[in-house]
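Scroll down for the structure; my scribbles are underneath it.
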Amino acid sequence: MTATTIRTVPPARQPRTGLPRLARQLWRRLISMRTALVLLFLLALAAVPGSLLPQRPLNPPKVQAYIASHGAWGRFLDRIGAFDVFGSIWFSAVYLLLFASLIGCLVPRIAVYARALRARPLKAPRHLDRLAEHAALGTGLAPDEAAARISRTLRPRWRTEVRAEDGGALAVSAEKGYSREAGNLLFHVSLLAALVLIAAGRLLSYEGSIVVTEGSGFCNRPISYDTFSAGRLVQAGQLSDFCIDQLEEFRASYREDGSPAQFQARVAYSEGLAGPSRQHVIEVNHPLRLDGDRVYLLNHGYSPTVTITRPGRTPVTDTEPFLPEDAVLTSEGAFKLPGRDGSSDDDLGLSAIFAPTAVITGGVVSSISPVANAPVLAVLAYTGVLNPNGQPQSVYSLDPKQIAAGKLKQVAAKNLGLGESMRLPDGTVIRFDGYRQWANLQVSHDPSQTALLVAAVLMVLGLLGSLAVRRRRLWVRIAPAGPESASAARSVVSVGGLARTDGGNFAAEFTALVAQLSAALDSGPPDAPAVRSSTDSTADKIGAGRD
Amino acid sequence: MAVNTGLASLSEGLWTAATGTYMLAVVAYTGEYAFGRNGRIARTSADRTVQAGAVASRQPALVGGGETAGASDHLRPAEASDQPPVEIDPVRQDGTAGRRWGRAAVGLTVLAALFHLASVAIRGIAVDRVPWGNMYEFTLVVGLMATVAWLATLVRMPQLRYLGLFVMMPVLLVMFLAGTLYTKASKLVPALQSYWLAIHVSSVAVAEGILLTSAAITAMYLVRARFERHAAAGTAPARFAALGSRLPAAAALDKAAYRTVAFAFPIYTAGVIFGAIWAEAAWGRYWGWDPKETWAFIAWVVYAMYLHARATAGWKGNRAAYINLLGFAAMTFNFFVVNIVISGLHSYAGLS
């Protein structure tokens with residue numbers, strides 16, 4: 001990539017007046033390579049805080065914690081968008097400027113390249129022997145026959161042009177490596193296309209995440225999901241029409257050392273209003289791919305089941321997903337049972353820890369394996385007011401503020417094995433019935449990503465062309481041999497070559513080329529070839545090449 | 001199938017053997033560097049020959065250029081720029097001792113590479129998966145790639161052999177580093193059970209091995225360029241730049257550094273794209289600015305800067321070289337700091 005990628009700034013008509021002239025100057029500065037380099041550097045630099053500071057789109061609680069613990073500094077960072085670097089104004093500004101700079105550079109270059117494609121190879125320089133690579137041959141052929149043979153030999157890979165020169169000489173100009181610039185342009189155009197597609201994808205994509213316990217399901221609507229985010233052009237009522245009718249079974253298998261081996265979620269799903277119900281096993285790395293949407297398995301855990309029998313009321317059986325706290329799936333969660341209508345402090349709440357294979361040391365339950373070999377549910381039972389304002393609260397815990405305020409009072413605590421019960425002072429009986437498993441499923445929709453993949457593949461192909469193709473120029477001058485020529489040579493052939501891009505060993509390429517040309521001139525009648533060379537070393541190499 | 005502990009410990013034994021053999025190779029390369037044609041001892045004896053006025057040579061040989069006479073210009077150590085060509089006695093310049101050291105060094109490198117390859121392969125067999133599932137294994141693969149890249153360079157340009165010291169030292173460091181990152185042989189968690197592990201990680205490892213070589217060449221370039229500036233100004237080079245006297249011409253090193261990056265950059269780009277394809281299958285999105293992705297992006301942009309800088313007036317030479325080193329720094333940061341310090345989706349280091 002030497003002269004080829006130096007940005008060509010088109011010669012411009014200079015407007016005389018102030019403002020247009022200033023605008024033109026700014027534009028020309030923007031599309032210069034130096035500016036592009038500075039913008040690339042700024043782009044890399046601007047991305048750094050995105051990896052060092054917690055980012056809101058990835059982990060909102062971490063951002064809150066960071067701001068809380070860093071006071072004014074944290075608030076300042078928040079104000080300048082440092083917790084959403086890749087959505088911030090300054091990051092966008094850098095890449096939009098780069099975008100503009102790239103377009104400003106590419107458009108004239110495409111025009112130049114289109115002209116270069118139609119242009120004929122350059123005229124031969126007068127003194128071919130002043131080029132770094134040069135050689136001379138003699139041939140028994142007349143100049144026109146020699147020129148024809150040389151063109152024929154070069155033509156499969158070179159663009160050639162034969163010109164008549166003074167004194168009856170003919171000059172063959174040849175050039176190759178046009179696809180280098182084509183590759184370079186392809187790369188940059190594909191990069192632009194990729195950026196456009198990424199932007200389109202952000203506007204048109206959505207993502208929903210939901211925790212589903214075995215036996216239940218959901219449909220693809222924003223309200224179904226625990227969390228849902230969508231691009232600006234997504235209309236909430238028009239998501240793809242499908243339902244995961246049921247998570248039929250979640251299966252986790254583990255190795256002897258307790259490390260996970262495989263996770264599988266078997267689901268029944270249907271597409272469309274009256275689509276048939278189908279089955280599919282979703283695994284990590286193997287989502288369910290529907291038309292336009294993909295369903296991923298992201299996480300898993302246990303959902304214990306309890307039956308709560310309050311005196312004089314109908315028994316209630318409840319299954320709630322518990323959040324894993326560690327690798328062996330010691331999980332925390334809560335059951336919430338509202339009290340009788342009208343009563344203010346009759347709610348019952350259970351804060352519980354589920355241990356799939358429990359060991360109890362000093363009354364504290366912990367798990368030693370993620371497999372449910374000996375499950376224990378450690379229950380803290382509270383009565384009082386669960387949710388005085390009716391505001392949304394976590395389903396995984398009781399409101400700690402209510403407990404701290406004494407509005408929820410602990411009335412009993414017990415570790416329950418499978419099938420065991422506990423009795424509260426008011427006569428309520430809580431039985432640990434069993435457990436199911438839950439899977440965290442994520443639905444993703446991004447209509448642009450197939451086209452983006454194509455753009456990415458084109459980028460790599462363009463890069464390969466841009467970095468691997470070598471641009472070469474070759475000139476061959478065939479002059480009629482003078483009368484003083486002692487040998488049978490009728491023409492004197494001089495060859496000169498120029499490497500327009502680094503890469504490869506042009507000296508060796510040139511030697512091989514000269515040998516090839518020499519062989520073409522020697523083959524068939526009329527014969528009497530004579531090889532002569534400008535330097536001893538070249539003659540040696542040609543000789544070696546022909547042996 | 002459980003982990004085969006017998007094979008796993010064989011693999012660890014081979015790591016020890018490979019590291020020990022690399023150490024011997026470094027010693028031998030040092031021997032060649034000291035006693036070879038380009039070495040200080042040869043140069044000193046050449047100077048003495050000149051002082052003694054022995055102008056008995058049939059052909060003029062540039063000091064340090066003896067073995068490379070057949071090579072193209074840009075690979076010849078460019079002594080011409082700092083000293084006038086001197087005629088020396090070819091008999092005293094054959095550098096037999098140096099050549100022996102050099103041959104031994106290459107032999108030891110090949111042997112070490114075989115141990116190294118066997119260690120990686122047997123680890124893979126022991127755990128029944130591709131052998132680059134954690135930092136220890138990945139480091140071993142990058143080191144192996146750097147050695148293979150070096151041996152491939154030697155096949156094409158044997159005259160560069162005397163620079164082996166500067167390539168094998170980093171490889172030896174990488175081997176020790178792998179030792180500190182050691183992780184017991186184990187199976188993969190479900191997240192890593194994908195054929196993309198083979199494709200994505202191997203392409204990135206190959207690219208990083210080559211970029212490591214480029215960074216080493218660039219470091220040599222900076223030393224040599226400073227030496228040449230001193231030589232042009234007629235001043236005595238400082239201690240560090242004096243090392244440059246035995247290095248190839250700055251222009252040749254610059255070109256070699258560029259060509260290695262030009263070779264690795266499309267591979268690295270493809271590696272990142274493979275990662276995006278895998279991320280789409282594993283996490284539901286092709287790009288999510290996970291710290292690992294962010295730093296891959298930063299390194300990619302910096303190497304893109306390098307490729308552009310080399311074609312921009314005013315940015316060629318030293319500036320481009322520093323950008324190359326900056327790219328390598330970003331890549332190294334991505335490997336060590338992001339894997340070990342920053343938590344993210346790519347937290348597979350296996351260290352705890």
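To be explicit about the labels: the chains of the structure tokens are called A, B, and onward in the order shown, and within each one the residues are counted from 1, while ligands get numbers from 1 in the order they are shown.
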
From a DSSP calculation on the backbone, collect every residue of range 100-280 of chain A in helix (DSSP H, G or I) and output the set as an mmCIF file with N, CA and C atoms, in the first residue's frame.
```cif
data_model
loop_
_atom_site.group_PDB
_atom_site.id
_atom_site.type_symbol
_atom_site.label_atom_id
_atom_site.label_comp_id
_atom_site.auth_asym_id
_atom_site.auth_seq_id
_atom_site.Cartn_x
_atom_site.Cartn_y
_atom_site.Cartn_z
ATOM 1 N N ALA A 100 -17.860 10.451 7.154
ATOM 2 C CA ALA A 100 -17.882 11.504 6.138
ATOM 3 C C ALA A 100 -16.540 11.575 5.420
ATOM 4 N N SER A 101 -15.473 11.473 6.198
ATOM 5 C CA SER A 101 -14.135 11.528 5.626
ATOM 6 C C SER A 101 -13.932 10.384 4.630
ATOM 7 N N LEU A 102 -14.434 9.205 5.019
ATOM 8 C CA LEU A 102 -14.287 8.029 4.162
ATOM 9 C C LEU A 102 -15.056 8.198 2.858
ATOM 10 N N ILE A 103 -16.287 8.727 2.970
ATOM 11 C CA ILE A 103 -17.077 8.931 1.753
ATOM 12 C C ILE A 103 -16.396 9.950 0.847
ATOM 13 N N GLY A 104 -15.935 11.049 1.463
ATOM 14 C CA GLY A 104 -15.270 12.085 0.686
ATOM 15 C C GLY A 104 -14.034 11.587 -0.011
ATOM 16 N N CYS A 105 -13.391 10.587 0.584
ATOM 17 C CA CYS A 105 -12.186 10.037 -0.024
ATOM 18 C C CYS A 105 -12.536 9.005 -1.084
ATOM 19 N N LEU A 106 -13.587 8.225 -0.808
ATOM 20 C CA LEU A 106 -13.886 7.098 -1.695
ATOM 21 C C LEU A 106 -14.453 7.538 -3.039
ATOM 22 N N VAL A 107 -15.338 8.543 -3.016
ATOM 23 C CA VAL A 107 -16.041 8.915 -4.244
ATOM 24 C C VAL A 107 -15.053 9.307 -5.347
ATOM 25 N N PRO A 108 -14.130 10.257 -5.068
ATOM 26 C CA PRO A 108 -13.172 10.568 -6.141
ATOM 27 C C PRO A 108 -12.288 9.375 -6.511
ATOM 28 N N ARG A 109 -11.965 8.531 -5.511
ATOM 29 C CA ARG A 109 -11.082 7.401 -5.830
ATOM 30 C C ARG A 109 -11.775 6.410 -6.747
ATOM 31 N N ILE A 110 -13.073 6.226 -6.532
ATOM 32 C CA ILE A 110 -13.803 5.308 -7.419
ATOM 33 C C ILE A 110 -13.782 5.862 -8.836
ATOM 34 N N ALA A 111 -13.953 7.201 -8.957
ATOM 35 C CA ALA A 111 -13.926 7.820 -10.281
ATOM 36 C C ALA A 111 -12.558 7.638 -10.925
ATOM 37 N N VAL A 112 -11.506 7.864 -10.129
ATOM 38 C CA VAL A 112 -10.150 7.701 -10.660
ATOM 39 C C VAL A 112 -9.931 6.265 -11.118
ATOM 40 N N TYR A 113 -10.423 5.338 -10.293
ATOM 41 C CA TYR A 113 -10.214 3.929 -10.636
ATOM 42 C C TYR A 113 -10.968 3.553 -11.908
ATOM 43 N N ALA A 114 -12.187 4.105 -12.042
ATOM 44 C CA ALA A 114 -12.975 3.805 -13.246
ATOM 45 C C ALA A 114 -12.232 4.295 -14.484
ATOM 46 N N ARG A 115 -11.593 5.474 -14.378
ATOM 47 C CA ARG A 115 -10.809 5.975 -15.513
ATOM 48 C C ARG A 115 -9.593 5.087 -15.755
ATOM 49 N N ALA A 116 -8.936 4.677 -14.634
ATOM 50 C CA ALA A 116 -7.729 3.860 -14.778
ATOM 51 C C ALA A 116 -8.037 2.532 -15.454
ATOM 52 N N LEU A 117 -9.240 2.017 -15.201
ATOM 53 C CA LEU A 117 -9.616 0.737 -15.795
ATOM 54 C C LEU A 117 -9.697 0.851 -17.310
ATOM 55 N N ARG A 118 -10.141 2.048 -17.789
ATOM 56 C CA ARG A 118 -10.282 2.223 -19.228
ATOM 57 C C ARG A 118 -8.967 2.666 -19.864
ATOM 58 N N LEU A 128 15.008 2.240 -20.739
ATOM 59 C CA LEU A 128 14.558 1.127 -19.903
ATOM 60 C C LEU A 128 15.670 0.656 -18.981
ATOM 61 N N ASP A 129 16.909 0.854 -19.377
ATOM 62 C CA ASP A 129 18.007 0.344 -18.556
ATOM 63 C C ASP A 129 18.241 1.197 -17.311
ATOM 64 N N ARG A 130 17.453 2.259 -17.148
ATOM 65 C CA ARG A 130 17.594 3.022 -15.901
ATOM 66 C C ARG A 130 16.633 2.513 -14.824
ATOM 67 N N PRO A 143 10.712 -7.407 -35.552
ATOM 68 C CA PRO A 143 10.077 -6.711 -34.431
ATOM 69 C C PRO A 143 8.589 -6.977 -34.296
ATOM 70 N N ASP A 144 7.826 -6.949 -35.409
ATOM 71 C CA ASP A 144 6.374 -7.119 -35.248
ATOM 72 C C ASP A 144 6.006 -8.509 -34.753
ATOM 73 N N GLU A 145 6.714 -9.535 -35.260
ATOM 74 C CA GLU A 145 6.458 -10.905 -34.799
ATOM 75 C C GLU A 145 6.846 -11.038 -33.320
ATOM 76 N N ALA A 146 7.987 -10.452 -32.957
ATOM 77 C CA ALA A 146 8.441 -10.518 -31.556
ATOM 78 C C ALA A 146 7.433 -9.824 -30.647
ATOM 79 N N ALA A 147 6.955 -8.651 -31.058
ATOM 80 C CA ALA A 147 5.987 -7.922 -30.233
ATOM 81 C C ALA A 147 4.711 -8.732 -30.065
ATOM 82 N N ALA A 148 4.276 -9.381 -31.137
ATOM 83 C CA ALA A 148 3.061 -10.196 -31.054
ATOM 84 C C ALA A 148 3.246 -11.344 -30.071
ATOM 85 N N ARG A 149 4.406 -12.001 -30.175
ATOM 86 C CA ARG A 149 4.641 -13.126 -29.253
ATOM 87 C C ARG A 149 4.701 -12.651 -27.808
ATOM 88 N N ILE A 150 5.352 -11.525 -27.591
ATOM 89 C CA ILE A 150 5.468 -11.012 -26.214
ATOM 90 C C ILE A 150 4.073 -10.671 -25.667
ATOM 91 N N SER A 151 3.265 -10.007 -26.492
ATOM 92 C CA SER A 151 1.907 -9.678 -26.041
ATOM 93 C C SER A 151 1.129 -10.945 -25.709
ATOM 94 N N ARG A 152 1.266 -11.952 -26.582
ATOM 95 C CA ARG A 152 0.520 -13.196 -26.381
ATOM 96 C C ARG A 152 0.965 -13.862 -25.077
ATOM 97 N N THR A 153 2.261 -13.822 -24.793
ATOM 98 C CA THR A 153 2.772 -14.463 -23.580
ATOM 99 C C THR A 153 2.263 -13.750 -22.326
ATOM 100 N N LEU A 154 2.192 -12.431 -22.410
ATOM 101 C CA LEU A 154 1.829 -11.664 -21.209
ATOM 102 C C LEU A 154 0.324 -11.619 -20.985
ATOM 103 N N ASP A 166 9.823 5.621 -32.926
ATOM 104 C CA ASP A 166 10.703 6.087 -34.000
ATOM 105 C C ASP A 166 11.703 4.998 -34.392
ATOM 106 N N GLY A 167 12.137 5.019 -35.584
ATOM 107 C CA GLY A 167 13.195 4.115 -36.030
ATOM 108 C C GLY A 167 12.723 2.688 -36.206
ATOM 109 N N GLY A 168 11.416 2.488 -36.390
ATOM 110 C CA GLY A 168 10.915 1.149 -36.650
ATOM 111 C C GLY A 168 10.824 0.269 -35.410
ATOM 112 N N TYR A 178 -4.438 -4.592 -11.179
ATOM 113 C CA TYR A 178 -5.552 -3.650 -11.060
ATOM 114 C C TYR A 178 -6.473 -4.005 -9.895
ATOM 115 N N SER A 179 -6.532 -5.293 -9.563
ATOM 116 C CA SER A 179 -7.487 -5.697 -8.530
ATOM 117 C C SER A 179 -7.040 -5.266 -7.137
ATOM 118 N N ARG A 180 -5.808 -4.748 -7.032
ATOM 119 C CA ARG A 180 -5.394 -4.257 -5.718
ATOM 120 C C ARG A 180 -6.265 -3.081 -5.283
ATOM 121 N N GLU A 181 -6.358 -2.100 -6.168
ATOM 122 C CA GLU A 181 -7.186 -0.940 -5.841
ATOM 123 C C GLU A 181 -8.661 -1.342 -5.752
ATOM 124 N N ALA A 182 -9.064 -2.293 -6.616
ATOM 125 C CA ALA A 182 -10.451 -2.764 -6.545
ATOM 126 C C ALA A 182 -10.725 -3.358 -5.175
ATOM 127 N N GLY A 183 -9.779 -4.171 -4.674
ATOM 128 C CA GLY A 183 -9.932 -4.765 -3.350
ATOM 129 C C GLY A 183 -10.010 -3.697 -2.279
ATOM 130 N N ASN A 184 -9.132 -2.705 -2.403
ATOM 131 C CA ASN A 184 -9.113 -1.622 -1.435
ATOM 132 C C ASN A 184 -10.461 -0.893 -1.412
ATOM 133 N N LEU A 185 -10.975 -0.586 -2.607
ATOM 134 C CA LEU A 185 -12.269 0.093 -2.670
ATOM 135 C C LEU A 185 -13.379 -0.801 -2.147
ATOM 136 N N LEU A 186 -13.312 -2.104 -2.517
ATOM 137 C CA LEU A 186 -14.332 -3.042 -2.050
ATOM 138 C C LEU A 186 -14.361 -3.074 -0.521
ATOM 139 N N PHE A 187 -13.154 -3.116 0.075
ATOM 140 C CA PHE A 187 -13.094 -3.141 1.540
ATOM 141 C C PHE A 187 -13.792 -1.922 2.131
ATOM 142 N N HIS A 188 -13.430 -0.734 1.624
ATOM 143 C CA HIS A 188 -13.964 0.480 2.241
ATOM 144 C C HIS A 188 -15.463 0.645 1.969
ATOM 145 N N VAL A 189 -15.891 0.279 0.774
ATOM 146 C CA VAL A 189 -17.329 0.380 0.483
ATOM 147 C C VAL A 189 -18.106 -0.610 1.357
ATOM 148 N N SER A 190 -17.556 -1.837 1.521
ATOM 149 C CA SER A 190 -18.229 -2.822 2.374
ATOM 150 C C SER A 190 -18.255 -2.354 3.823
ATOM 151 N N LEU A 191 -17.176 -1.689 4.232
ATOM 152 C CA LEU A 191 -17.135 -1.157 5.600
ATOM 153 C C LEU A 191 -18.252 -0.128 5.796
ATOM 154 N N LEU A 192 -18.414 0.746 4.802
ATOM 155 C CA LEU A 192 -19.505 1.724 4.874
ATOM 156 C C LEU A 192 -20.856 1.018 4.927
ATOM 157 N N ALA A 193 -21.010 0.020 4.051
ATOM 158 C CA ALA A 193 -22.271 -0.731 4.033
ATOM 159 C C ALA A 193 -22.514 -1.383 5.385
ATOM 160 N N ALA A 194 -21.449 -1.933 5.969
ATOM 161 C CA ALA A 194 -21.591 -2.587 7.274
ATOM 162 C C ALA A 194 -22.047 -1.585 8.323
ATOM 163 N N LEU A 195 -21.473 -0.385 8.310
ATOM 164 C CA LEU A 195 -21.868 0.622 9.300
ATOM 165 C C LEU A 195 -23.334 1.013 9.124
ATOM 166 N N VAL A 196 -23.755 1.160 7.863
ATOM 167 C CA VAL A 196 -25.159 1.488 7.605
ATOM 168 C C VAL A 196 -26.063 0.365 8.115
ATOM 169 N N LEU A 197 -25.656 -0.892 7.854
ATOM 170 C CA LEU A 197 -26.481 -2.029 8.270
ATOM 171 C C LEU A 197 -26.535 -2.134 9.793
ATOM 172 N N ILE A 198 -25.408 -1.831 10.453
ATOM 173 C CA ILE A 198 -25.409 -1.875 11.920
ATOM 174 C C ILE A 198 -26.401 -0.837 12.453
ATOM 175 N N ALA A 199 -26.360 0.364 11.859
ATOM 176 C CA ALA A 199 -27.282 1.415 12.297
ATOM 177 C C ALA A 199 -28.726 0.995 12.057
ATOM 178 N N ALA A 200 -28.991 0.431 10.874
ATOM 179 C CA ALA A 200 -30.347 -0.033 10.566
ATOM 180 C C ALA A 200 -30.764 -1.110 11.562
ATOM 181 N N GLY A 201 -29.827 -2.019 11.877
ATOM 182 C CA GLY A 201 -30.123 -3.095 12.817
ATOM 183 C C GLY A 201 -30.519 -2.559 14.181
ATOM 184 N N ARG A 202 -29.828 -1.479 14.607
ATOM 185 C CA ARG A 202 -30.151 -0.920 15.917
ATOM 186 C C ARG A 202 -31.569 -0.363 15.945
ATOM 187 N N LEU A 203 -32.008 0.177 14.819
ATOM 188 C CA LEU A 203 -33.348 0.748 14.780
ATOM 189 C C LEU A 203 -34.427 -0.331 14.700
ATOM 190 N N LEU A 204 -34.100 -1.441 14.062
ATOM 191 C CA LEU A 204 -35.125 -2.438 13.731
ATOM 192 C C LEU A 204 -35.084 -3.676 14.620
ATOM 193 N N PRO A 222 -44.226 -7.777 23.908
ATOM 194 C CA PRO A 222 -43.395 -7.030 24.862
ATOM 195 C C PRO A 222 -43.777 -7.279 26.316
ATOM 196 N N ILE A 223 -45.078 -7.399 26.612
ATOM 197 C CA ILE A 223 -45.471 -7.533 28.016
ATOM 198 C C ILE A 223 -45.128 -8.905 28.582
ATOM 199 N N SER A 224 -44.861 -9.886 27.707
ATOM 200 C CA SER A 224 -44.530 -11.215 28.222
ATOM 201 C C SER A 224 -43.203 -11.209 28.955
ATOM 202 N N ALA A 236 -44.477 -2.015 18.842
ATOM 203 C CA ALA A 236 -44.689 -3.013 19.887
ATOM 204 C C ALA A 236 -45.737 -4.048 19.503
ATOM 205 N N GLY A 237 -46.725 -3.655 18.719
ATOM 206 C CA GLY A 237 -47.788 -4.596 18.370
ATOM 207 C C GLY A 237 -47.432 -5.510 17.207
ATOM 208 N N GLN A 238 -46.259 -5.306 16.634
ATOM 209 C CA GLN A 238 -45.974 -6.036 15.392
ATOM 210 C C GLN A 238 -44.729 -6.893 15.465
#
```

**Asked** If we count only C-alpha atoms, which residues of chain B reach to within 9 Å of chain A? Please list them as a ChimeraX atom specification.
**Response** /B:2,72,187-194,255,259,262-263,265-267,269-270,273,277-286,288-295,297-302,304-315,338,342

Need the shell around Ala205 in chain B: protein/DNA/RNA residues with any atom at most 12 Å away, counting only C-alpha atoms. Skip same-chain ones fewer than 3 positions apart. Format as a PDB file with C-alpha atoms, in the first residue's frame?
```pdb
ATOM      1  CA  PRO B 131      -6.270 -27.407  22.906  1.00  0.00           C
ATOM      2  CA  TRP B 132      -6.974 -23.682  23.269  1.00  0.00           C
ATOM      3  CA  GLY B 133      -9.772 -23.491  25.822  1.00  0.00           C
ATOM      4  CA  MET B 135      -5.227 -18.825  28.788  1.00  0.00           C
ATOM      5  CA  GLU B 137      -3.420 -23.332  26.307  1.00  0.00           C
ATOM      6  CA  PHE B 138      -3.923 -20.197  24.200  1.00  0.00           C
ATOM      7  CA  THR B 139      -0.516 -18.839  25.241  1.00  0.00           C
ATOM      8  CA  LEU B 140       1.119 -22.128  24.247  1.00  0.00           C
ATOM      9  CA  VAL B 141      -0.538 -21.957  20.812  1.00  0.00           C
ATOM     10  CA  VAL B 142       0.502 -18.318  20.225  1.00  0.00           C
ATOM     11  CA  GLY B 143       4.099 -19.235  21.142  1.00  0.00           C
ATOM     12  CA  LEU B 144       3.997 -22.195  18.770  1.00  0.00           C
ATOM     13  CA  MET B 145       2.680 -19.951  15.986  1.00  0.00           C
ATOM     14  CA  ALA B 146       5.506 -17.454  16.544  1.00  0.00           C
ATOM     15  CA  LEU B 197     -13.827 -22.268  19.250  1.00  0.00           C
ATOM     16  CA  ALA B 198     -11.565 -24.028  16.765  1.00  0.00           C
ATOM     17  CA  ILE B 199     -12.088 -21.386  14.062  1.00  0.00           C
ATOM     18  CA  HIS B 200     -12.294 -18.128  16.013  1.00  0.00           C
ATOM     19  CA  VAL B 201      -9.568 -18.769  18.570  1.00  0.00           C
ATOM     20  CA  SER B 202      -7.134 -20.380  16.149  1.00  0.00           C
ATOM     21  CA  GLU B 208      -1.391 -12.632  17.209  1.00  0.00           C
ATOM     22  CA  GLY B 209       1.628 -14.900  16.741  1.00  0.00           C
ATOM     23  CA  ILE B 210       2.460 -13.081  13.491  1.00  0.00           C
ATOM     24  CA  LEU B 211       1.788  -9.647  14.997  1.00  0.00           C
ATOM     25  CA  LEU B 212       4.141 -10.581  17.851  1.00  0.00           C
ATOM     26  CA  ALA B 264      -1.812 -10.882   9.737  1.00  0.00           C
ATOM     27  CA  ILE B 267      -6.518 -13.012   9.428  1.00  0.00           C
ATOM     28  CA  TYR B 268      -7.165 -10.908  12.507  1.00  0.00           C
ATOM     29  CA  ALA B 270     -11.544 -12.650   9.878  1.00  0.00           C
ATOM     30  CA  GLY B 271     -10.898 -13.845  13.454  1.00  0.00           C
ATOM     31  CA  VAL B 272     -12.939 -10.953  14.859  1.00  0.00           C
ATOM     32  CA  MET B 331      -3.675  -6.691  21.790  1.00  0.00           C
ATOM     33  CA  THR B 332      -1.524  -7.698  24.749  1.00  0.00           C
ATOM     34  CA  PHE B 335      -5.147 -10.789  26.420  1.00  0.00           C
TER      35      PHE B 335
END
```

**Prompt:** Which residues, written as an MDAnalysis selection string, have at least one atom at most 9 Å from Ala256 in chain B, with only C-alpha atoms counted and residues fewer than 6 positions away on the same chain left out?
**Reply:** chainID B and resid 214 217:218

Find the residues near Ser491 in chain A: any atom within 10 Å, counting only C-alpha atoms, skip ones fewer than 6 places away on the same chain, and give them as a PDB file with C-alpha atoms, in the first residue's frame.
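Saved as around11.pdb:
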```pdb
ATOM      1  CA  LEU A 137      17.738 -10.109 -25.249  1.00  0.00           C
ATOM      2  CA  GLY A 138      18.279 -10.736 -28.899  1.00  0.00           C
ATOM      3  CA  THR A 139      15.979 -12.586 -31.215  1.00  0.00           C
ATOM      4  CA  GLY A 140      15.919 -13.833 -34.753  1.00  0.00           C
ATOM      5  CA  LEU A 141      12.358 -12.588 -35.141  1.00  0.00           C
ATOM      6  CA  ALA A 142      11.304  -9.405 -36.843  1.00  0.00           C
ATOM      7  CA  PRO A 143      10.077  -6.711 -34.431  1.00  0.00           C
ATOM      8  CA  ASP A 144       6.374  -7.119 -35.248  1.00  0.00           C
ATOM      9  CA  ALA A 146       8.441 -10.518 -31.556  1.00  0.00           C
ATOM     10  CA  ALA A 169      10.956   0.049 -33.003  1.00  0.00           C
ATOM     11  CA  ARG A 477      11.144  -2.390 -26.556  1.00  0.00           C
ATOM     12  CA  ILE A 478      11.906  -4.289 -29.749  1.00  0.00           C
ATOM     13  CA  ALA A 479      14.265  -2.448 -32.066  1.00  0.00           C
ATOM     14  CA  PRO A 480      15.527  -3.742 -35.400  1.00  0.00           C
ATOM     15  CA  ALA A 481      19.125  -4.898 -35.046  1.00  0.00           C
ATOM     16  CA  GLY A 482      21.608  -2.601 -36.725  1.00  0.00           C
ATOM     17  CA  SER A 485      25.127  -6.729 -35.503  1.00  0.00           C
TER      18      SER A 485
END
```

**Message:** When DSSP is applied to the backbone of this structure, which of range 392-487 of chain A are assigned strand (DSSP E)? Write them out as a ChimeraX atom specification.
**Reply:** /A:408-417,421-423,429-445,472-480

**Prompt:** Counting only C-alpha atoms, what is within 9 Å of Val167 in chain B, bar same-chain residues fewer than 4 positions away, as JSON, numbers by chain?
**Reply:** {"B": [146, 147, 150, 163, 171, 172, 213, 216, 217]}

Written selection (C-alpha atoms) as a PDB file, in the first residue's frame:
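That gives us selection07.pdb:
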```
ATOM      1  CA  ALA B 146       5.506 -17.454  16.544  1.00  0.00           C
ATOM      2  CA  THR B 147       8.084 -20.264  16.316  1.00  0.00           C
ATOM      3  CA  TRP B 150      10.106 -17.814  12.463  1.00  0.00           C
ATOM      4  CA  LEU B 163      18.569 -12.534  14.304  1.00  0.00           C
ATOM      5  CA  VAL B 171       9.013 -17.096  22.538  1.00  0.00           C
ATOM      6  CA  LEU B 172      10.894 -18.280  25.609  1.00  0.00           C
ATOM      7  CA  THR B 213       6.819 -11.187  15.229  1.00  0.00           C
ATOM      8  CA  ALA B 216       9.739  -7.683  17.485  1.00  0.00           C
ATOM      9  CA  ILE B 217      10.848  -6.540  14.010  1.00  0.00           C
TER      10      ILE B 217
END
```
